[in-house]
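Shown next: upload-v8.cif, containing mmCIF, C-alpha atoms.
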data_query
loop_
_atom_site.label_atom_id
_atom_site.label_comp_id
_atom_site.auth_asym_id
_atom_site.auth_seq_id
_atom_site.Cartn_x
_atom_site.Cartn_y
_atom_site.Cartn_z
CA GLN A 1 127.91 114.06 92.10
CA VAL A 2 124.70 112.99 93.79
CA GLN A 3 121.57 113.03 91.68
CA LEU A 4 117.99 112.24 92.61
CA VAL A 5 115.69 112.45 89.60
CA GLU A 6 111.97 112.07 90.17
CA SER A 7 109.46 111.06 87.52
CA GLY A 8 105.89 109.85 87.29
CA GLY A 9 104.06 112.91 88.48
CA GLY A 10 101.10 114.31 86.61
CA SER A 11 97.41 115.06 86.74
CA VAL A 12 94.81 112.51 87.75
CA GLN A 13 91.22 112.48 88.93
CA ALA A 14 90.34 111.71 92.51
CA GLY A 15 90.33 107.98 93.10
CA GLY A 16 93.05 107.41 90.53
CA SER A 17 96.61 106.20 90.89
CA LEU A 18 100.12 107.38 90.13
CA LYS A 19 103.51 105.82 90.69
CA LEU A 20 106.46 108.08 91.39
CA SER A 21 110.01 106.95 90.73
CA CYS A 22 113.29 108.41 91.90
CA ALA A 23 116.47 107.37 90.09
CA ALA A 24 119.47 107.84 92.35
CA SER A 25 123.18 108.03 91.61
CA GLY A 26 126.43 109.27 93.10
CA TYR A 27 126.20 107.74 96.57
CA ALA A 28 125.85 104.36 98.27
CA PHE A 29 122.15 103.87 97.56
CA ALA A 30 121.69 100.63 99.48
CA SER A 31 123.22 102.12 102.63
CA CYS A 32 120.93 105.12 102.95
CA GLY A 33 117.44 105.60 104.25
CA MET A 34 115.18 107.35 101.78
CA GLY A 35 111.81 108.99 101.69
CA TRP A 36 109.26 111.22 100.05
CA TYR A 37 108.28 114.70 101.16
CA ARG A 38 105.52 116.79 99.69
CA GLN A 39 104.64 120.44 99.78
CA ALA A 40 101.29 121.86 98.80
CA PRO A 41 100.80 125.55 97.97
CA GLY A 42 100.63 127.62 101.12
CA LYS A 43 101.41 124.65 103.36
CA GLU A 44 104.44 123.41 105.21
CA ARG A 45 106.56 120.63 103.80
CA GLU A 46 105.39 117.23 105.02
CA LEU A 47 107.24 113.94 105.32
CA VAL A 48 104.97 111.44 103.59
CA SER A 49 106.86 108.18 103.83
CA THR A 50 110.27 106.72 104.63
CA ILE A 51 112.08 103.48 103.94
CA SER A 52 115.19 102.22 105.68
CA PRO A 53 118.09 100.45 103.96
CA HIS A 54 116.44 97.17 104.99
CA SER A 55 113.00 98.31 103.76
CA THR A 56 111.34 99.17 107.05
CA THR A 57 108.68 101.69 106.14
CA THR A 58 106.76 104.54 107.76
CA TYR A 59 103.81 106.58 106.54
CA VAL A 60 102.07 109.74 107.61
CA ASP A 61 98.57 108.88 108.84
CA SER A 62 96.83 110.62 105.94
CA VAL A 63 98.30 108.22 103.36
CA LYS A 64 98.30 104.94 105.28
CA GLY A 65 96.57 102.22 103.33
CA ARG A 66 96.74 104.23 100.10
CA PHE A 67 100.47 104.82 99.44
CA THR A 68 103.25 102.23 99.29
CA ILE A 69 106.93 103.10 99.34
CA SER A 70 109.49 100.65 98.00
CA ARG A 71 113.06 100.54 96.81
CA ASP A 72 115.13 98.57 94.32
CA ASN A 73 118.70 98.37 95.56
CA VAL A 74 119.86 96.88 92.24
CA MET A 75 118.35 99.58 90.04
CA ASN A 76 119.06 102.32 92.63
CA THR A 77 115.49 103.49 92.41
CA LEU A 78 112.92 104.57 94.97
CA TYR A 79 109.20 104.31 94.32
CA LEU A 80 105.96 105.64 95.72
CA GLN A 81 102.79 103.92 94.58
CA MET A 82 99.86 106.22 95.24
CA ASN A 83 96.34 104.79 95.05
CA SER A 84 92.92 106.22 95.85
CA LEU A 85 94.29 109.70 95.38
CA LYS A 86 92.48 112.62 96.95
CA THR A 87 92.49 116.30 96.07
CA GLU A 88 94.42 116.97 99.26
CA ASP A 89 97.30 114.87 97.89
CA THR A 90 97.99 117.63 95.38
CA ALA A 91 101.56 118.83 95.98
CA VAL A 92 105.10 118.81 94.73
CA TYR A 93 106.66 115.52 95.79
CA TYR A 94 110.36 115.37 96.61
CA CYS A 95 112.59 112.32 96.80
CA VAL A 96 115.13 112.45 99.63
CA ALA A 97 118.08 110.30 100.63
CA CYS A 98 120.47 109.74 103.54
CA VAL A 99 119.20 110.88 106.90
CA LEU A 100 120.96 113.95 108.26
CA PHE A 101 118.90 114.53 111.36
CA PRO A 102 116.42 116.14 111.47
CA THR A 103 116.20 116.10 107.69
CA TYR A 104 117.87 114.44 104.71
CA LYS A 105 121.16 115.17 103.05
CA TYR A 106 120.11 114.84 99.43
CA TRP A 107 116.99 116.16 97.70
CA GLY A 108 115.51 115.76 94.26
CA GLN A 109 114.08 118.61 92.23
CA GLY A 110 110.48 117.60 92.83
CA THR A 111 107.62 116.36 90.68
CA GLN A 112 104.12 117.85 90.59
CA VAL A 113 101.12 115.71 91.46
CA THR A 114 97.72 117.26 90.82
CA VAL A 115 94.51 115.50 91.83
CA SER A 116 91.26 116.96 90.57
CA SER A 117 87.74 116.29 91.80
#

The structure in this file should be written as structure tokens.
Amino acid sequence: QVQLVESGGGSVQAGGSLKLSCAASGYAFASCGMGWYRQAPGKERELVSTISPHSTTTYVDSVKGRFTISRDNVMNTLYLQMNSLKTEDTAVYYCVACVLFPTYKYWGQGTQVTVSS
């Protein structure tokens, strides 16, 4: 049974930092691309960042230079380091795994990130 369990969300003031983690199990972690989506209230879901099995990364323009995605193929864990947070980063963040074009096969339950001014 595949499980993606996010943690690390919370409330922070603008300019602060949070680090999200996603503990994965039940599939070949090292073989799958992974990523983070987010969805803010009243907005469409947005792909924030991706990382390939060999750690090639992509970022949406709005987070470039502020967010860093990484993965630990020994601990089967995905991370998203978020610095210089802005109020517009407020959303539920979802961990995803294994590309199934045009989306991903596996999804976590989401973790709330709230950035206040």

Excluding same-chain residues fewer than 4 positions from Thr77 in chain A, what lies within 10 Å of it counting all atoms listed in the file, as a short mmCIF file (atom, residue, chain, number, x, y, z; two decimals) with C-alpha atoms, in the frame of the given file?
data_model
loop_
_atom_site.label_atom_id
_atom_site.label_comp_id
_atom_site.auth_asym_id
_atom_site.auth_seq_id
_atom_site.Cartn_x
_atom_site.Cartn_y
_atom_site.Cartn_z
CA LEU A 4 117.99 112.24 92.61
CA VAL A 5 115.69 112.45 89.60
CA GLU A 6 111.97 112.07 90.17
CA SER A 21 110.01 106.95 90.73
CA CYS A 22 113.29 108.41 91.90
CA ALA A 23 116.47 107.37 90.09
CA ALA A 24 119.47 107.84 92.35
CA SER A 25 123.18 108.03 91.61
CA PHE A 29 122.15 103.87 97.56
CA ALA A 30 121.69 100.63 99.48
CA SER A 70 109.49 100.65 98.00
CA ARG A 71 113.06 100.54 96.81
CA ASP A 72 115.13 98.57 94.32
CA ASN A 73 118.70 98.37 95.56
#

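From CA of Val96 in chain A back to CA of Val74 in chain A, the distance works out to 17.9 Å.
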
Quick one: which range 14-36 of chain A residues come within 12 Å of range 111-116 of chain A, and what is the nearest atom pair for each with the distance in Å to one decimal, counting all atoms listed in the file, rows ordered by chain and ascending number, as JSON lines?
{"residue": "A:Ala14", "atom": "CA", "partner": "A:Ser116", "partner_atom": "CA", "distance": 5.7}
{"residue": "A:Gly15", "atom": "CA", "partner": "A:Val115", "partner_atom": "CA", "distance": 8.7}
{"residue": "A:Gly16", "atom": "CA", "partner": "A:Val115", "partner_atom": "CA", "distance": 8.3}
{"residue": "A:Ser17", "atom": "CA", "partner": "A:Val115", "partner_atom": "CA", "distance": 9.6}
{"residue": "A:Leu18", "atom": "CA", "partner": "A:Val113", "partner_atom": "CA", "distance": 8.5}
{"residue": "A:Lys19", "atom": "CA", "partner": "A:Val113", "partner_atom": "CA", "distance": 10.2}
{"residue": "A:Leu20", "atom": "CA", "partner": "A:Thr111", "partner_atom": "CA", "distance": 8.4}
{"residue": "A:Ser21", "atom": "CA", "partner": "A:Thr111", "partner_atom": "CA", "distance": 9.7}
{"residue": "A:Cys22", "atom": "CA", "partner": "A:Thr111", "partner_atom": "CA", "distance": 9.8}
{"residue": "A:Trp36", "atom": "CA", "partner": "A:Thr111", "partner_atom": "CA", "distance": 10.8}

C-alpha atoms of the current selection, written as a PDB file, keeping the file's coordinate frame:
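As a result, out27.pdb now contains:
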ATOM      1  CA  ALA A  14      90.340 111.710  92.510  1.00  0.00           C
ATOM      2  CA  GLY A  15      90.330 107.980  93.100  1.00  0.00           C
ATOM      3  CA  GLY A  16      93.050 107.410  90.530  1.00  0.00           C
ATOM      4  CA  SER A  17      96.610 106.200  90.890  1.00  0.00           C
ATOM      5  CA  LEU A  18     100.120 107.380  90.130  1.00  0.00           C
ATOM      6  CA  LYS A  19     103.510 105.820  90.690  1.00  0.00           C
ATOM      7  CA  LEU A  20     106.460 108.080  91.390  1.00  0.00           C
ATOM      8  CA  SER A  21     110.010 106.950  90.730  1.00  0.00           C
ATOM      9  CA  CYS A  22     113.290 108.410  91.900  1.00  0.00           C
ATOM     10  CA  TRP A  36     109.260 111.220 100.050  1.00  0.00           C
TER      11      TRP A  36
END

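When the PyMOL selection byres ((chain A and resi 56-69) around 6) is run on the displayed coordinates, the residues it returns are Val48, Ser49, Thr50, Ile51, Ser52, His54, Ser55, Ser70, Tyr79, Leu80, Gln81, Met82 and Asn83 of chain A.
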
### Task
Give the answer as one residue: which of A:Gly26, A:Met34, A:Gly10, A:Asn76 has the shortest atom-to-atom distance to Pro53 in chain A, using all atoms listed in the file?
A:Met34

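Our summary of the geometry notes that CA of Lys43 in chain A is positioned 21.7 Å from CA of Phe101 in chain A.
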
### Task
Kindly give the distance, in Å, that separates CA of Gly110 in chain A and CA of Cys95 in chain A, rounded to a single decimal.
6.9 Å

#### Entry: Selected residue, from A:Glu46, A:Leu78, A:Ala28, A:Gln39, that lies nearest to Gly8 in chain A when counting all atoms listed in the file
A:Leu78

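Within 8 Å of the file-frame point (118.6, 114.8, 98.6), and using only C-alpha atoms, the polymer residues found are Val2, Gln3, Leu4, Cys95, Val96, Ala97, Cys98, Tyr104, Lys105, Tyr106, Trp107 and Gly108 of chain A.
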
Would you save the residues from that selection as a PDB file, in the coordinates of the input, using C-alpha atoms?
ATOM      1  CA  VAL A   2     124.700 112.990  93.790  1.00  0.00           C
ATOM      2  CA  GLN A   3     121.570 113.030  91.680  1.00  0.00           C
ATOM      3  CA  LEU A   4     117.990 112.240  92.610  1.00  0.00           C
ATOM      4  CA  CYS A  95     112.590 112.320  96.800  1.00  0.00           C
ATOM      5  CA  VAL A  96     115.130 112.450  99.630  1.00  0.00           C
ATOM      6  CA  ALA A  97     118.080 110.300 100.630  1.00  0.00           C
ATOM      7  CA  CYS A  98     120.470 109.740 103.540  1.00  0.00           C
ATOM      8  CA  TYR A 104     117.870 114.440 104.710  1.00  0.00           C
ATOM      9  CA  LYS A 105     121.160 115.170 103.050  1.00  0.00           C
ATOM     10  CA  TYR A 106     120.110 114.840  99.430  1.00  0.00           C
ATOM     11  CA  TRP A 107     116.990 116.160  97.700  1.00  0.00           C
ATOM     12  CA  GLY A 108     115.510 115.760  94.260  1.00  0.00           C
TER      13      GLY A 108
END

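Considering all atoms listed in the file, the residue among A:Ser117, A:Gln109, A:Glu88, A:Val12 positioned nearest to Pro41 in chain A is A:Glu88.
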